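A.B. asks: final.cif (mmCIF, N, CA and C atoms) pasted underneath:
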```cif
data_input
loop_
_atom_site.label_atom_id
_atom_site.label_comp_id
_atom_site.auth_asym_id
_atom_site.auth_seq_id
_atom_site.Cartn_x
_atom_site.Cartn_y
_atom_site.Cartn_z
N MET A 193 17.41 26.14 -22.68
CA MET A 193 18.46 27.13 -22.59
C MET A 193 19.69 26.61 -23.33
N ALA A 194 20.35 27.48 -24.06
CA ALA A 194 21.52 27.11 -24.86
C ALA A 194 22.74 26.92 -23.96
N PRO A 195 23.66 26.04 -24.35
CA PRO A 195 24.87 25.86 -23.55
C PRO A 195 25.72 27.12 -23.56
N GLN A 196 26.40 27.36 -22.46
CA GLN A 196 27.20 28.56 -22.32
C GLN A 196 28.67 28.20 -22.24
N ASN A 197 29.51 29.05 -22.82
CA ASN A 197 30.96 28.84 -22.77
C ASN A 197 31.61 29.62 -21.64
N GLY A 198 31.00 30.69 -21.21
CA GLY A 198 31.59 31.58 -20.22
C GLY A 198 31.24 31.16 -18.80
N PRO A 199 31.38 32.09 -17.85
CA PRO A 199 31.04 31.82 -16.46
C PRO A 199 29.57 31.43 -16.32
N PRO A 200 29.20 30.68 -15.25
CA PRO A 200 27.84 30.19 -15.10
C PRO A 200 26.77 31.28 -14.99
N ASN A 201 27.11 32.45 -14.47
CA ASN A 201 26.11 33.51 -14.32
C ASN A 201 25.98 34.39 -15.56
N GLN A 202 26.60 33.99 -16.66
CA GLN A 202 26.57 34.76 -17.91
C GLN A 202 25.30 34.40 -18.69
N THR A 203 24.63 35.42 -19.23
CA THR A 203 23.42 35.18 -20.00
C THR A 203 23.77 34.70 -21.40
N VAL A 204 22.77 34.21 -22.11
CA VAL A 204 22.97 33.72 -23.47
C VAL A 204 23.43 34.86 -24.37
N GLU A 205 22.86 36.05 -24.19
CA GLU A 205 23.25 37.20 -25.01
C GLU A 205 24.70 37.59 -24.77
N GLU A 206 25.11 37.58 -23.49
CA GLU A 206 26.50 37.91 -23.18
C GLU A 206 27.45 36.87 -23.76
N ASP A 207 27.05 35.61 -23.73
CA ASP A 207 27.87 34.55 -24.29
C ASP A 207 28.02 34.71 -25.80
N MET A 208 26.94 35.05 -26.49
CA MET A 208 26.99 35.27 -27.93
C MET A 208 27.88 36.46 -28.26
N LEU A 209 27.76 37.52 -27.47
CA LEU A 209 28.58 38.71 -27.67
C LEU A 209 30.06 38.38 -27.46
N PHE A 210 30.34 37.61 -26.41
CA PHE A 210 31.73 37.23 -26.13
C PHE A 210 32.32 36.44 -27.28
N ARG A 211 31.59 35.48 -27.80
CA ARG A 211 32.10 34.66 -28.90
C ARG A 211 32.27 35.48 -30.17
N GLY A 212 31.41 36.46 -30.41
CA GLY A 212 31.50 37.25 -31.63
C GLY A 212 32.54 38.34 -31.60
N VAL A 213 32.79 38.92 -30.43
CA VAL A 213 33.68 40.07 -30.33
C VAL A 213 35.12 39.66 -30.06
N VAL A 214 35.33 38.66 -29.28
CA VAL A 214 36.65 38.35 -28.80
C VAL A 214 37.55 37.76 -29.89
N HIS A 215 37.03 36.94 -30.75
CA HIS A 215 37.86 36.30 -31.76
C HIS A 215 38.14 37.24 -32.93
N LEU A 216 39.40 37.25 -33.35
CA LEU A 216 39.80 38.03 -34.51
C LEU A 216 39.82 37.13 -35.74
N ASN A 217 39.48 37.70 -36.85
CA ASN A 217 39.63 36.97 -38.11
C ASN A 217 41.06 37.21 -38.58
N ALA A 218 41.88 36.18 -38.49
CA ALA A 218 43.31 36.32 -38.78
C ALA A 218 43.55 36.72 -40.23
N VAL A 219 42.73 36.23 -41.15
CA VAL A 219 42.91 36.56 -42.57
C VAL A 219 42.61 38.04 -42.82
N ILE A 220 41.55 38.53 -42.22
CA ILE A 220 41.19 39.95 -42.39
C ILE A 220 42.26 40.84 -41.77
N LEU A 221 42.76 40.46 -40.59
CA LEU A 221 43.84 41.24 -39.97
C LEU A 221 45.09 41.22 -40.85
N GLY A 222 45.39 40.06 -41.43
CA GLY A 222 46.53 39.96 -42.34
C GLY A 222 46.36 40.82 -43.57
N LEU A 223 45.16 40.79 -44.15
CA LEU A 223 44.90 41.64 -45.33
C LEU A 223 45.03 43.11 -44.98
N SER A 224 44.53 43.50 -43.83
CA SER A 224 44.60 44.92 -43.42
C SER A 224 46.03 45.37 -43.22
N LEU A 225 46.79 44.60 -42.43
CA LEU A 225 48.18 45.00 -42.18
C LEU A 225 49.02 44.90 -43.45
N GLY A 226 48.74 43.88 -44.27
CA GLY A 226 49.47 43.74 -45.54
C GLY A 226 49.24 44.92 -46.45
N THR A 227 47.99 45.34 -46.55
CA THR A 227 47.67 46.49 -47.40
C THR A 227 48.31 47.76 -46.88
N LEU A 228 48.26 47.98 -45.56
CA LEU A 228 48.87 49.19 -44.99
C LEU A 228 50.38 49.22 -45.20
N LEU A 229 51.04 48.10 -44.94
CA LEU A 229 52.49 48.07 -45.10
C LEU A 229 52.88 48.20 -46.57
N ALA A 230 52.15 47.53 -47.45
CA ALA A 230 52.44 47.61 -48.88
C ALA A 230 52.29 49.03 -49.39
N LEU A 231 51.19 49.67 -49.04
CA LEU A 231 50.98 51.04 -49.50
C LEU A 231 51.98 52.00 -48.87
N GLY A 232 52.35 51.75 -47.62
CA GLY A 232 53.34 52.59 -46.96
C GLY A 232 54.68 52.56 -47.68
N ILE A 233 55.15 51.38 -48.02
CA ILE A 233 56.43 51.26 -48.73
C ILE A 233 56.31 51.84 -50.14
N PHE A 234 55.20 51.57 -50.81
CA PHE A 234 54.99 52.07 -52.17
C PHE A 234 54.99 53.60 -52.19
N VAL A 235 54.23 54.20 -51.29
CA VAL A 235 54.13 55.67 -51.26
C VAL A 235 55.45 56.30 -50.83
N ALA A 236 56.11 55.73 -49.82
CA ALA A 236 57.38 56.29 -49.36
C ALA A 236 58.44 56.23 -50.46
N THR A 237 58.48 55.12 -51.17
CA THR A 237 59.46 54.99 -52.26
C THR A 237 59.19 56.00 -53.36
N ASN A 238 57.95 56.09 -53.80
CA ASN A 238 57.63 57.02 -54.89
C ASN A 238 57.76 58.47 -54.44
N TRP A 239 57.51 58.75 -53.18
CA TRP A 239 57.69 60.11 -52.66
C TRP A 239 59.15 60.52 -52.81
N LEU A 240 60.06 59.62 -52.43
CA LEU A 240 61.48 59.93 -52.54
C LEU A 240 61.94 60.00 -53.98
N VAL A 241 61.38 59.17 -54.86
CA VAL A 241 61.74 59.20 -56.27
C VAL A 241 61.32 60.55 -56.87
N LEU A 242 60.11 60.98 -56.55
CA LEU A 242 59.63 62.27 -57.09
C LEU A 242 60.39 63.44 -56.49
N LYS A 243 60.76 63.32 -55.22
CA LYS A 243 61.51 64.39 -54.55
C LYS A 243 62.90 64.54 -55.17
N GLY A 244 63.50 63.41 -55.52
CA GLY A 244 64.82 63.45 -56.15
C GLY A 244 65.92 63.71 -55.15
N GLY A 245 67.04 64.15 -55.66
CA GLY A 245 68.19 64.41 -54.82
C GLY A 245 69.30 63.42 -55.10
N ASP A 246 70.44 63.66 -54.48
CA ASP A 246 71.56 62.75 -54.67
C ASP A 246 72.19 62.48 -53.31
N PRO A 247 72.15 61.32 -52.81
CA PRO A 247 71.50 60.11 -53.31
C PRO A 247 70.02 60.10 -52.96
N VAL A 248 69.27 59.28 -53.67
CA VAL A 248 67.82 59.20 -53.45
C VAL A 248 67.54 58.15 -52.39
N GLY A 249 67.01 58.58 -51.26
CA GLY A 249 66.55 57.68 -50.21
C GLY A 249 67.56 56.69 -49.68
N PRO A 250 68.68 57.16 -49.10
CA PRO A 250 69.68 56.21 -48.62
C PRO A 250 69.18 55.32 -47.47
N HIS A 251 68.29 55.84 -46.65
CA HIS A 251 67.77 55.04 -45.55
C HIS A 251 66.78 53.98 -46.03
N LEU A 252 65.92 54.37 -46.95
CA LEU A 252 64.96 53.41 -47.49
C LEU A 252 65.66 52.37 -48.35
N GLN A 253 66.80 52.72 -48.91
CA GLN A 253 67.57 51.79 -49.72
C GLN A 253 68.05 50.60 -48.89
N LEU A 254 68.11 50.75 -47.57
CA LEU A 254 68.54 49.65 -46.70
C LEU A 254 67.56 48.48 -46.73
N LEU A 255 66.33 48.72 -47.19
CA LEU A 255 65.37 47.62 -47.33
C LEU A 255 65.85 46.59 -48.34
N ALA A 256 66.75 46.99 -49.25
CA ALA A 256 67.28 46.06 -50.24
C ALA A 256 68.08 44.94 -49.57
N GLN A 257 68.51 45.14 -48.32
CA GLN A 257 69.20 44.09 -47.58
C GLN A 257 68.27 42.92 -47.28
N TYR A 258 66.97 43.23 -47.15
CA TYR A 258 65.97 42.20 -46.82
C TYR A 258 65.07 41.85 -48.00
N PHE A 259 64.76 42.82 -48.83
CA PHE A 259 63.86 42.62 -49.97
C PHE A 259 64.70 42.51 -51.24
N ILE A 260 64.91 41.29 -51.71
CA ILE A 260 65.73 41.08 -52.90
C ILE A 260 65.06 41.73 -54.11
N GLY A 261 65.81 42.55 -54.82
CA GLY A 261 65.30 43.24 -56.00
C GLY A 261 64.75 44.62 -55.74
N TYR A 262 64.66 45.02 -54.47
CA TYR A 262 64.12 46.34 -54.14
C TYR A 262 65.18 47.41 -54.35
N ARG A 263 64.78 48.50 -54.96
CA ARG A 263 65.60 49.70 -55.13
C ARG A 263 64.68 50.90 -54.96
N VAL A 264 65.25 52.04 -54.63
CA VAL A 264 64.45 53.25 -54.51
C VAL A 264 64.28 53.83 -55.91
N THR A 265 63.43 53.15 -56.69
CA THR A 265 63.06 53.57 -58.05
C THR A 265 61.57 53.30 -58.20
N PHE A 266 61.03 53.76 -59.34
CA PHE A 266 59.60 53.51 -59.57
C PHE A 266 59.31 52.02 -59.66
N THR A 267 60.13 51.27 -60.39
CA THR A 267 59.90 49.83 -60.48
C THR A 267 60.18 49.14 -59.15
N GLY A 268 61.14 49.65 -58.40
CA GLY A 268 61.43 49.11 -57.08
C GLY A 268 60.27 49.28 -56.11
N SER A 269 59.45 50.32 -56.33
CA SER A 269 58.30 50.53 -55.45
C SER A 269 57.29 49.39 -55.59
N PHE A 270 57.20 48.80 -56.78
CA PHE A 270 56.29 47.66 -56.96
C PHE A 270 56.84 46.40 -56.30
N VAL A 271 58.16 46.25 -56.33
CA VAL A 271 58.78 45.14 -55.61
C VAL A 271 58.53 45.31 -54.11
N GLY A 272 58.70 46.53 -53.61
CA GLY A 272 58.42 46.82 -52.21
C GLY A 272 56.96 46.61 -51.86
N LEU A 273 56.07 46.92 -52.80
CA LEU A 273 54.63 46.70 -52.59
C LEU A 273 54.35 45.22 -52.34
N VAL A 274 54.93 44.37 -53.15
CA VAL A 274 54.71 42.92 -53.01
C VAL A 274 55.31 42.41 -51.70
N TYR A 275 56.56 42.79 -51.42
CA TYR A 275 57.20 42.36 -50.18
C TYR A 275 56.44 42.91 -48.97
N GLY A 276 56.04 44.16 -49.03
CA GLY A 276 55.30 44.76 -47.91
C GLY A 276 54.00 44.04 -47.64
N PHE A 277 53.29 43.68 -48.70
CA PHE A 277 52.04 42.95 -48.50
C PHE A 277 52.30 41.58 -47.90
N ALA A 278 53.32 40.90 -48.40
CA ALA A 278 53.62 39.56 -47.89
C ALA A 278 54.02 39.59 -46.42
N ILE A 279 54.89 40.51 -46.05
CA ILE A 279 55.32 40.63 -44.66
C ILE A 279 54.16 41.07 -43.77
N GLY A 280 53.38 42.06 -44.22
CA GLY A 280 52.25 42.54 -43.44
C GLY A 280 51.18 41.48 -43.27
N PHE A 281 50.89 40.75 -44.35
CA PHE A 281 49.87 39.70 -44.26
C PHE A 281 50.32 38.61 -43.30
N GLY A 282 51.55 38.16 -43.45
CA GLY A 282 52.06 37.12 -42.56
C GLY A 282 52.07 37.55 -41.10
N SER A 283 52.48 38.77 -40.85
CA SER A 283 52.51 39.29 -39.48
C SER A 283 51.10 39.42 -38.91
N GLY A 284 50.20 39.99 -39.68
CA GLY A 284 48.82 40.15 -39.22
C GLY A 284 48.14 38.82 -38.96
N TRP A 285 48.35 37.87 -39.86
CA TRP A 285 47.75 36.55 -39.68
C TRP A 285 48.30 35.88 -38.42
N LEU A 286 49.61 35.99 -38.22
CA LEU A 286 50.23 35.38 -37.05
C LEU A 286 49.74 36.04 -35.76
N ILE A 287 49.62 37.35 -35.74
CA ILE A 287 49.11 38.05 -34.57
C ILE A 287 47.68 37.60 -34.26
N GLY A 288 46.84 37.53 -35.29
CA GLY A 288 45.46 37.08 -35.09
C GLY A 288 45.38 35.65 -34.60
N TRP A 289 46.21 34.77 -35.15
CA TRP A 289 46.20 33.37 -34.77
C TRP A 289 46.64 33.20 -33.31
N ILE A 290 47.73 33.88 -32.92
CA ILE A 290 48.20 33.80 -31.54
C ILE A 290 47.17 34.39 -30.59
N TYR A 291 46.60 35.54 -30.95
CA TYR A 291 45.58 36.17 -30.11
C TYR A 291 44.40 35.23 -29.88
N ASN A 292 43.92 34.60 -30.94
CA ASN A 292 42.79 33.69 -30.81
C ASN A 292 43.14 32.49 -29.94
N ARG A 293 44.35 31.97 -30.02
CA ARG A 293 44.74 30.84 -29.17
C ARG A 293 44.77 31.25 -27.71
N ILE A 294 45.26 32.46 -27.43
CA ILE A 294 45.30 32.95 -26.05
C ILE A 294 43.88 33.14 -25.51
N VAL A 295 42.98 33.68 -26.34
CA VAL A 295 41.60 33.91 -25.92
C VAL A 295 40.90 32.60 -25.64
N VAL A 296 41.11 31.60 -26.47
CA VAL A 296 40.47 30.30 -26.27
C VAL A 296 40.94 29.68 -24.96
N LYS A 297 42.24 29.75 -24.69
CA LYS A 297 42.75 29.21 -23.43
C LYS A 297 42.20 29.97 -22.24
N GLY A 298 42.12 31.30 -22.35
CA GLY A 298 41.57 32.11 -21.26
C GLY A 298 40.10 31.84 -21.04
N ASN A 299 39.36 31.56 -22.11
CA ASN A 299 37.94 31.29 -22.01
C ASN A 299 37.70 29.92 -21.38
N LYS A 300 38.58 28.97 -21.62
CA LYS A 300 38.42 27.63 -21.03
C LYS A 300 38.67 27.63 -19.54
N LYS A 301 39.52 28.57 -19.07
CA LYS A 301 39.83 28.66 -17.63
C LYS A 301 38.64 29.25 -16.86
N SER A 302 37.79 30.04 -17.52
CA SER A 302 36.67 30.70 -16.83
C SER A 302 35.65 29.71 -16.36
#
```
As a first step, turn the structure in this file into C-alpha cells.

C.D. replies:
Amino acid sequence: MAPQNGPPNQTVEEDMLFRGVVHLNAVILGLSLGTLLALGIFVATNWLVLKGGDPVGPHLQLLAQYFIGYRVTFTGSFVGLVYGFAIGFGSGWLIGWIYNRIVVKGNKKS
C-alpha cells in the first residue's frame, strides 16, 4: 500500500485526488491573471481612444500615476498592456504561492 498524506482512513485514490486538485500552479494562475488584466487595460484604453471626446478617459488617465509612460492613447495602450501583464502575473503568482503554503500547512495538521 502506498504512503498516504491525508487522514488515516483516506484511500489511495482520495489521496491522489487531494494532491492533484488542491495545489494551484502559481505560474499558470499568474499567466491567466496577467493576460486578463493586460487585455482589460488594452481594450479599455483603445475603447476610449476610438470613442473620442474631450478629455479622453480622465479616469483611466489616473493609471499614469502608477504606470510610468502610460497615456490614454493607442501607444499608451501597449504600455498599459505590459504593466497590466506584469502586475497581473505577479499578483496571480503570489496568490497561488500563498494558497499552496496554506494548503500544505493544513494538510500536515490532518

A.B. asks: In Å, rounded to a single decimal, give me how far atom C of A:Trp239 is from atom C of A:Gly282.

C.D. replies: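 About the pair atom C of A:Gly282 and atom C of A:Trp239: they are 26.7 Å apart.
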
A.B. asks: Pull the neighbourhood of (43.5, 41.4, -31.8) for me: all residues within 6 Å in file coordinates, counting only N, CA and C atoms, as a PyMOL selection string.

C.D. replies: chain A and resi 216+288+291

A.B. asks: Using atom C of A:Pro247 and atom N of A:Tyr275 as the two end points, give the distance in Å to one decimal.

C.D. replies: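 So the two atoms, atom C of A:Pro247 and atom N of A:Tyr275, lie 22.0 Å apart.
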
A.B. asks: Quick check, in Å to one decimal: how far apart do atom N of A:Leu242 and atom C of A:Phe281 lie?

C.D. replies: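 If I compute the distance from atom N of A:Leu242 to atom C of A:Phe281, I get 27.8 Å.
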
A.B. asks: Between A:Gln257, A:Asn238, A:Thr203, A:Ser283, which has the minimum distance to A:Gly226 (counting all atoms listed in the file)?

C.D. replies: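 Checking each of A:Gln257, A:Asn238, A:Thr203, A:Ser283 against A:Gly226, counting all atoms listed in the file, the winner is A:Ser283.
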
A.B. asks: Which residue is closest to A:Ser269? Choose from A:Ile294, A:Gly245, A:Trp285, A:Leu240 and count only C-alpha atoms.

C.D. replies: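 Counting only C-alpha atoms, the residue closest to A:Ser269 is A:Leu240.
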
A.B. asks: For the file shown, what are the residues hit by the PyMOL selection byres (((chain A and resi 222 and name CA) around 10) and name CA), laid out as a list in words?

C.D. replies: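 Selection result, ordered by chain and number: Asn217, Ala218, Val219, Ile220, Leu221, Leu223, Ser224, Leu225, Gly226, Thr227, Leu228, Phe277, Ala278, Ile279, Gly280, Phe281, Gly282, Ser283, Gly284, Trp285, Leu286, Ile287 and Gly288 of chain A.
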
A.B. asks: So which residues touch A:Gly261 within 6.5 Å, counting only N, CA and C atoms, skipping near sequence neighbours fewer than 4 positions away, as a VMD selection string?

C.D. replies: chain A and resid 256 268 271

A.B. asks: With N, CA and C atoms retained, could you export that selection as a PDB file, keeping the file's coordinate frame?

C.D. replies:
```pdb
ATOM      1  N   ALA A 256      66.750  46.990 -49.250  1.00  0.00           N
ATOM      2  CA  ALA A 256      67.280  46.060 -50.240  1.00  0.00           C
ATOM      3  C   ALA A 256      68.080  44.940 -49.570  1.00  0.00           C
ATOM      4  N   GLY A 268      61.140  49.650 -58.400  1.00  0.00           N
ATOM      5  CA  GLY A 268      61.430  49.110 -57.080  1.00  0.00           C
ATOM      6  C   GLY A 268      60.270  49.280 -56.110  1.00  0.00           C
ATOM      7  N   VAL A 271      58.160  46.250 -56.330  1.00  0.00           N
ATOM      8  CA  VAL A 271      58.780  45.140 -55.610  1.00  0.00           C
ATOM      9  C   VAL A 271      58.530  45.310 -54.110  1.00  0.00           C
TER      10      VAL A 271
END
```

A.B. asks: Written as a list in words, what is the full residue list that the PyMOL selection byres (((chain A and resi 234 and name CA) around 7) and name CA) yields on the file shown?

C.D. replies: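 Evaluating the PyMOL selection byres (((chain A and resi 234 and name CA) around 7) and name CA) on these coordinates yields Ala230, Leu231, Gly232, Ile233, Val235, Ala236, Thr237, Asn238, Ser269, Phe270, Gly272 and Leu273 of chain A.
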
A.B. asks: Apply the PyMOL selection byres ((chain A and resi 252) around 8) to the displayed file and report the matching residues as a list in words.

C.D. replies: Ala236, Thr237, Val248, Gly249, Pro250, His251, Gln253, Leu254, Leu255, Ala256, Gln257, Tyr262, Arg263 and Val264 of chain A

A.B. asks: As a compact mmCIF listing (two decimals) with N, CA and C atoms, in the frame of the given file, which residues of chain A does DSSP assign to alpha helix (DSSP H)?

C.D. replies:
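Output contents, as saved in out35.txt:
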```
# COMPACT_ATOMS: atom_id res chain seq x y z
N VAL A 204 22.77 34.21 -22.11
CA VAL A 204 22.97 33.72 -23.47
C VAL A 204 23.43 34.86 -24.37
N GLU A 205 22.86 36.05 -24.19
CA GLU A 205 23.25 37.20 -25.01
C GLU A 205 24.70 37.59 -24.77
N GLU A 206 25.11 37.58 -23.49
CA GLU A 206 26.50 37.91 -23.18
C GLU A 206 27.45 36.87 -23.76
N ASP A 207 27.05 35.61 -23.73
CA ASP A 207 27.87 34.55 -24.29
C ASP A 207 28.02 34.71 -25.80
N MET A 208 26.94 35.05 -26.49
CA MET A 208 26.99 35.27 -27.93
C MET A 208 27.88 36.46 -28.26
N LEU A 209 27.76 37.52 -27.47
CA LEU A 209 28.58 38.71 -27.67
C LEU A 209 30.06 38.38 -27.46
N PHE A 210 30.34 37.61 -26.41
CA PHE A 210 31.73 37.23 -26.13
C PHE A 210 32.32 36.44 -27.28
N ARG A 211 31.59 35.48 -27.80
CA ARG A 211 32.10 34.66 -28.90
C ARG A 211 32.27 35.48 -30.17
N GLY A 212 31.41 36.46 -30.41
CA GLY A 212 31.50 37.25 -31.63
C GLY A 212 32.54 38.34 -31.60
N VAL A 213 32.79 38.92 -30.43
CA VAL A 213 33.68 40.07 -30.33
C VAL A 213 35.12 39.66 -30.06
N VAL A 214 35.33 38.66 -29.28
CA VAL A 214 36.65 38.35 -28.80
C VAL A 214 37.55 37.76 -29.89
N ALA A 218 41.88 36.18 -38.49
CA ALA A 218 43.31 36.32 -38.78
C ALA A 218 43.55 36.72 -40.23
N VAL A 219 42.73 36.23 -41.15
CA VAL A 219 42.91 36.56 -42.57
C VAL A 219 42.61 38.04 -42.82
N ILE A 220 41.55 38.53 -42.22
CA ILE A 220 41.19 39.95 -42.39
C ILE A 220 42.26 40.84 -41.77
N LEU A 221 42.76 40.46 -40.59
CA LEU A 221 43.84 41.24 -39.97
C LEU A 221 45.09 41.22 -40.85
N GLY A 222 45.39 40.06 -41.43
CA GLY A 222 46.53 39.96 -42.34
C GLY A 222 46.36 40.82 -43.57
N LEU A 223 45.16 40.79 -44.15
CA LEU A 223 44.90 41.64 -45.33
C LEU A 223 45.03 43.11 -44.98
N SER A 224 44.53 43.50 -43.83
CA SER A 224 44.60 44.92 -43.42
C SER A 224 46.03 45.37 -43.22
N LEU A 225 46.79 44.60 -42.43
CA LEU A 225 48.18 45.00 -42.18
C LEU A 225 49.02 44.90 -43.45
N GLY A 226 48.74 43.88 -44.27
CA GLY A 226 49.47 43.74 -45.54
C GLY A 226 49.24 44.92 -46.45
N THR A 227 47.99 45.34 -46.55
CA THR A 227 47.67 46.49 -47.40
C THR A 227 48.31 47.76 -46.88
N LEU A 228 48.26 47.98 -45.56
CA LEU A 228 48.87 49.19 -44.99
C LEU A 228 50.38 49.22 -45.20
N LEU A 229 51.04 48.10 -44.94
CA LEU A 229 52.49 48.07 -45.10
C LEU A 229 52.88 48.20 -46.57
N ALA A 230 52.15 47.53 -47.45
CA ALA A 230 52.44 47.61 -48.88
C ALA A 230 52.29 49.03 -49.39
N LEU A 231 51.19 49.67 -49.04
CA LEU A 231 50.98 51.04 -49.50
C LEU A 231 51.98 52.00 -48.87
N GLY A 232 52.35 51.75 -47.62
CA GLY A 232 53.34 52.59 -46.96
C GLY A 232 54.68 52.56 -47.68
N ILE A 233 55.15 51.38 -48.02
CA ILE A 233 56.43 51.26 -48.73
C ILE A 233 56.31 51.84 -50.14
N PHE A 234 55.20 51.57 -50.81
CA PHE A 234 54.99 52.07 -52.17
C PHE A 234 54.99 53.60 -52.19
N VAL A 235 54.23 54.20 -51.29
CA VAL A 235 54.13 55.67 -51.26
C VAL A 235 55.45 56.30 -50.83
N ALA A 236 56.11 55.73 -49.82
CA ALA A 236 57.38 56.29 -49.36
C ALA A 236 58.44 56.23 -50.46
N THR A 237 58.48 55.12 -51.17
CA THR A 237 59.46 54.99 -52.26
C THR A 237 59.19 56.00 -53.36
N ASN A 238 57.95 56.09 -53.80
CA ASN A 238 57.63 57.02 -54.89
C ASN A 238 57.76 58.47 -54.44
N TRP A 239 57.51 58.75 -53.18
CA TRP A 239 57.69 60.11 -52.66
C TRP A 239 59.15 60.52 -52.81
N LEU A 240 60.06 59.62 -52.43
CA LEU A 240 61.48 59.93 -52.54
C LEU A 240 61.94 60.00 -53.98
N VAL A 241 61.38 59.17 -54.86
CA VAL A 241 61.74 59.20 -56.27
C VAL A 241 61.32 60.55 -56.87
N LEU A 242 60.11 60.98 -56.55
CA LEU A 242 59.63 62.27 -57.09
C LEU A 242 60.39 63.44 -56.49
N LYS A 243 60.76 63.32 -55.22
CA LYS A 243 61.51 64.39 -54.55
C LYS A 243 62.90 64.54 -55.17
N PHE A 266 61.03 53.76 -59.34
CA PHE A 266 59.60 53.51 -59.57
C PHE A 266 59.31 52.02 -59.66
N THR A 267 60.13 51.27 -60.39
CA THR A 267 59.90 49.83 -60.48
C THR A 267 60.18 49.14 -59.15
N GLY A 268 61.14 49.65 -58.40
CA GLY A 268 61.43 49.11 -57.08
C GLY A 268 60.27 49.28 -56.11
N SER A 269 59.45 50.32 -56.33
CA SER A 269 58.30 50.53 -55.45
C SER A 269 57.29 49.39 -55.59
N PHE A 270 57.20 48.80 -56.78
CA PHE A 270 56.29 47.66 -56.96
C PHE A 270 56.84 46.40 -56.30
N VAL A 271 58.16 46.25 -56.33
CA VAL A 271 58.78 45.14 -55.61
C VAL A 271 58.53 45.31 -54.11
N GLY A 272 58.70 46.53 -53.61
CA GLY A 272 58.42 46.82 -52.21
C GLY A 272 56.96 46.61 -51.86
N LEU A 273 56.07 46.92 -52.80
CA LEU A 273 54.63 46.70 -52.59
C LEU A 273 54.35 45.22 -52.34
N VAL A 274 54.93 44.37 -53.15
CA VAL A 274 54.71 42.92 -53.01
C VAL A 274 55.31 42.41 -51.70
N TYR A 275 56.56 42.79 -51.42
CA TYR A 275 57.20 42.36 -50.18
C TYR A 275 56.44 42.91 -48.97
N GLY A 276 56.04 44.16 -49.03
CA GLY A 276 55.30 44.76 -47.91
C GLY A 276 54.00 44.04 -47.64
N PHE A 277 53.29 43.68 -48.70
CA PHE A 277 52.04 42.95 -48.50
C PHE A 277 52.30 41.58 -47.90
N ALA A 278 53.32 40.90 -48.40
CA ALA A 278 53.62 39.56 -47.89
C ALA A 278 54.02 39.59 -46.42
N ILE A 279 54.89 40.51 -46.05
CA ILE A 279 55.32 40.63 -44.66
C ILE A 279 54.16 41.07 -43.77
N GLY A 280 53.38 42.06 -44.22
CA GLY A 280 52.25 42.54 -43.44
C GLY A 280 51.18 41.48 -43.27
N PHE A 281 50.89 40.75 -44.35
CA PHE A 281 49.87 39.70 -44.26
C PHE A 281 50.32 38.61 -43.30
N GLY A 282 51.55 38.16 -43.45
CA GLY A 282 52.06 37.12 -42.56
C GLY A 282 52.07 37.55 -41.10
N SER A 283 52.48 38.77 -40.85
CA SER A 283 52.51 39.29 -39.48
C SER A 283 51.10 39.42 -38.91
N GLY A 284 50.20 39.99 -39.68
CA GLY A 284 48.82 40.15 -39.22
C GLY A 284 48.14 38.82 -38.96
N TRP A 285 48.35 37.87 -39.86
CA TRP A 285 47.75 36.55 -39.68
C TRP A 285 48.30 35.88 -38.42
N LEU A 286 49.61 35.99 -38.22
CA LEU A 286 50.23 35.38 -37.05
C LEU A 286 49.74 36.04 -35.76
N ILE A 287 49.62 37.35 -35.74
CA ILE A 287 49.11 38.05 -34.57
C ILE A 287 47.68 37.60 -34.26
N GLY A 288 46.84 37.53 -35.29
CA GLY A 288 45.46 37.08 -35.09
C GLY A 288 45.38 35.65 -34.60
N TRP A 289 46.21 34.77 -35.15
CA TRP A 289 46.20 33.37 -34.77
C TRP A 289 46.64 33.20 -33.31
N ILE A 290 47.73 33.88 -32.92
CA ILE A 290 48.20 33.80 -31.54
C ILE A 290 47.17 34.39 -30.59
N TYR A 291 46.60 35.54 -30.95
CA TYR A 291 45.58 36.17 -30.11
C TYR A 291 44.40 35.23 -29.88
N ASN A 292 43.92 34.60 -30.94
CA ASN A 292 42.79 33.69 -30.81
C ASN A 292 43.14 32.49 -29.94
N ARG A 293 44.35 31.97 -30.02
CA ARG A 293 44.74 30.84 -29.17
C ARG A 293 44.77 31.25 -27.71
N ILE A 294 45.26 32.46 -27.43
CA ILE A 294 45.30 32.95 -26.05
C ILE A 294 43.88 33.14 -25.51
N VAL A 295 42.98 33.68 -26.34
CA VAL A 295 41.60 33.91 -25.92
C VAL A 295 40.90 32.60 -25.64
N VAL A 296 41.11 31.60 -26.47
CA VAL A 296 40.47 30.30 -26.27
C VAL A 296 40.94 29.68 -24.96
N LYS A 297 42.24 29.75 -24.69
CA LYS A 297 42.75 29.21 -23.43
C LYS A 297 42.20 29.97 -22.24
N GLY A 298 42.12 31.30 -22.35
CA GLY A 298 41.57 32.11 -21.26
C GLY A 298 40.10 31.84 -21.04
N ASN A 299 39.36 31.56 -22.11
CA ASN A 299 37.94 31.29 -22.01
C ASN A 299 37.70 29.92 -21.38
N LYS A 300 38.58 28.97 -21.62
CA LYS A 300 38.42 27.63 -21.03
C LYS A 300 38.67 27.63 -19.54
N LYS A 301 39.52 28.57 -19.07
CA LYS A 301 39.83 28.66 -17.63
C LYS A 301 38.64 29.25 -16.86
```
